[in-house]
Amino acid sequence: MALVSLVESNVNGLVESEWRNDEVFMKLWNAMLEANRSYLNTLSNPRLQLETPKIADAQLIVERAYKALKRAVKVFEVSEIENEREACKFLTALFRTIEKETQKSFETKSSNKNLLVSRLRSTEYAYMVSVIRVDDYVNRLEVANVGLSNLSKTKMVKSILEKGTATVITRTELMSAYTLVVNFALALARAEKYPFMKVFDAIEVARKVYITDLQARTTRTETQKTQDESNQQEAGTTAA
């Protein structure tokens, strides 16, 4: 995204480099830059633009199904029935084990969801699942993950995943990452933490340049549209 690229260029161009020493800011900063790279990679490939929303939707369904399962289990953490509390305890431990094994790659995340469902259906855990009556949530997770796995088998999507673009970044998500950086820089600037006053100023300059350029391009587009319509009308009049 042009705005984020301008911000990156302006801030990196500052003489003062002490802002790189702030651990929290750098975490937000690097997350924004990574999101921007993924977003630009999507824009550079027309076919990728068609497929990535499908991946994003499928991933979202899986993550929501997984969160719903975890929340359904957590309810029994304070149950008055001992075997329900025990089931909750063991299943929560299983979730943590699976999550520790999960890496950032799509393949690992998907296979671990399959592993989780398999473990939940095993003799060791099936009874606990039935005790706290979360079978339906396990089914939802399985269906969601099968859908995502089937999608990943298509040639185009497989290519996307192999190139490391499985984590799909939408414009909204990128803007959220950008907003976190801006708000954090503003907070530090207001606290007069050196040199974040200059960091925030650099961000503001980039934003103003971006807005000015956007307005100019919008004006050119509207002018060209008006000219095209005028030419068409003239051509119609001449033909008549």
# chains A, B, ... in the order shown; residues from 1 in each chain; ligands from 1
$ closest_atom_pairs --of "stretch 183-221 of chain A" --to "stretch 2-10 of chain A" --cutoff "9 Å" --atoms "only C-alpha atoms" --output "tab-separated table"
residue	atom	partner	partner_atom	distance
A:Val199	CA	A:Asn10	CA	8.5
A:Ala202	CA	A:Asn10	CA	5.6
A:Ile203	CA	A:Val7	CA	5.3
A:Glu204	CA	A:Val7	CA	8.3
A:Val205	CA	A:Asn10	CA	8.0
A:Ala206	CA	A:Val7	CA	5.3
A:Arg207	CA	A:Leu3	CA	6.5
A:Val209	CA	A:Leu6	CA	8.4
A:Tyr210	CA	A:Leu3	CA	5.8
A:Ile211	CA	A:Leu3	CA	8.7
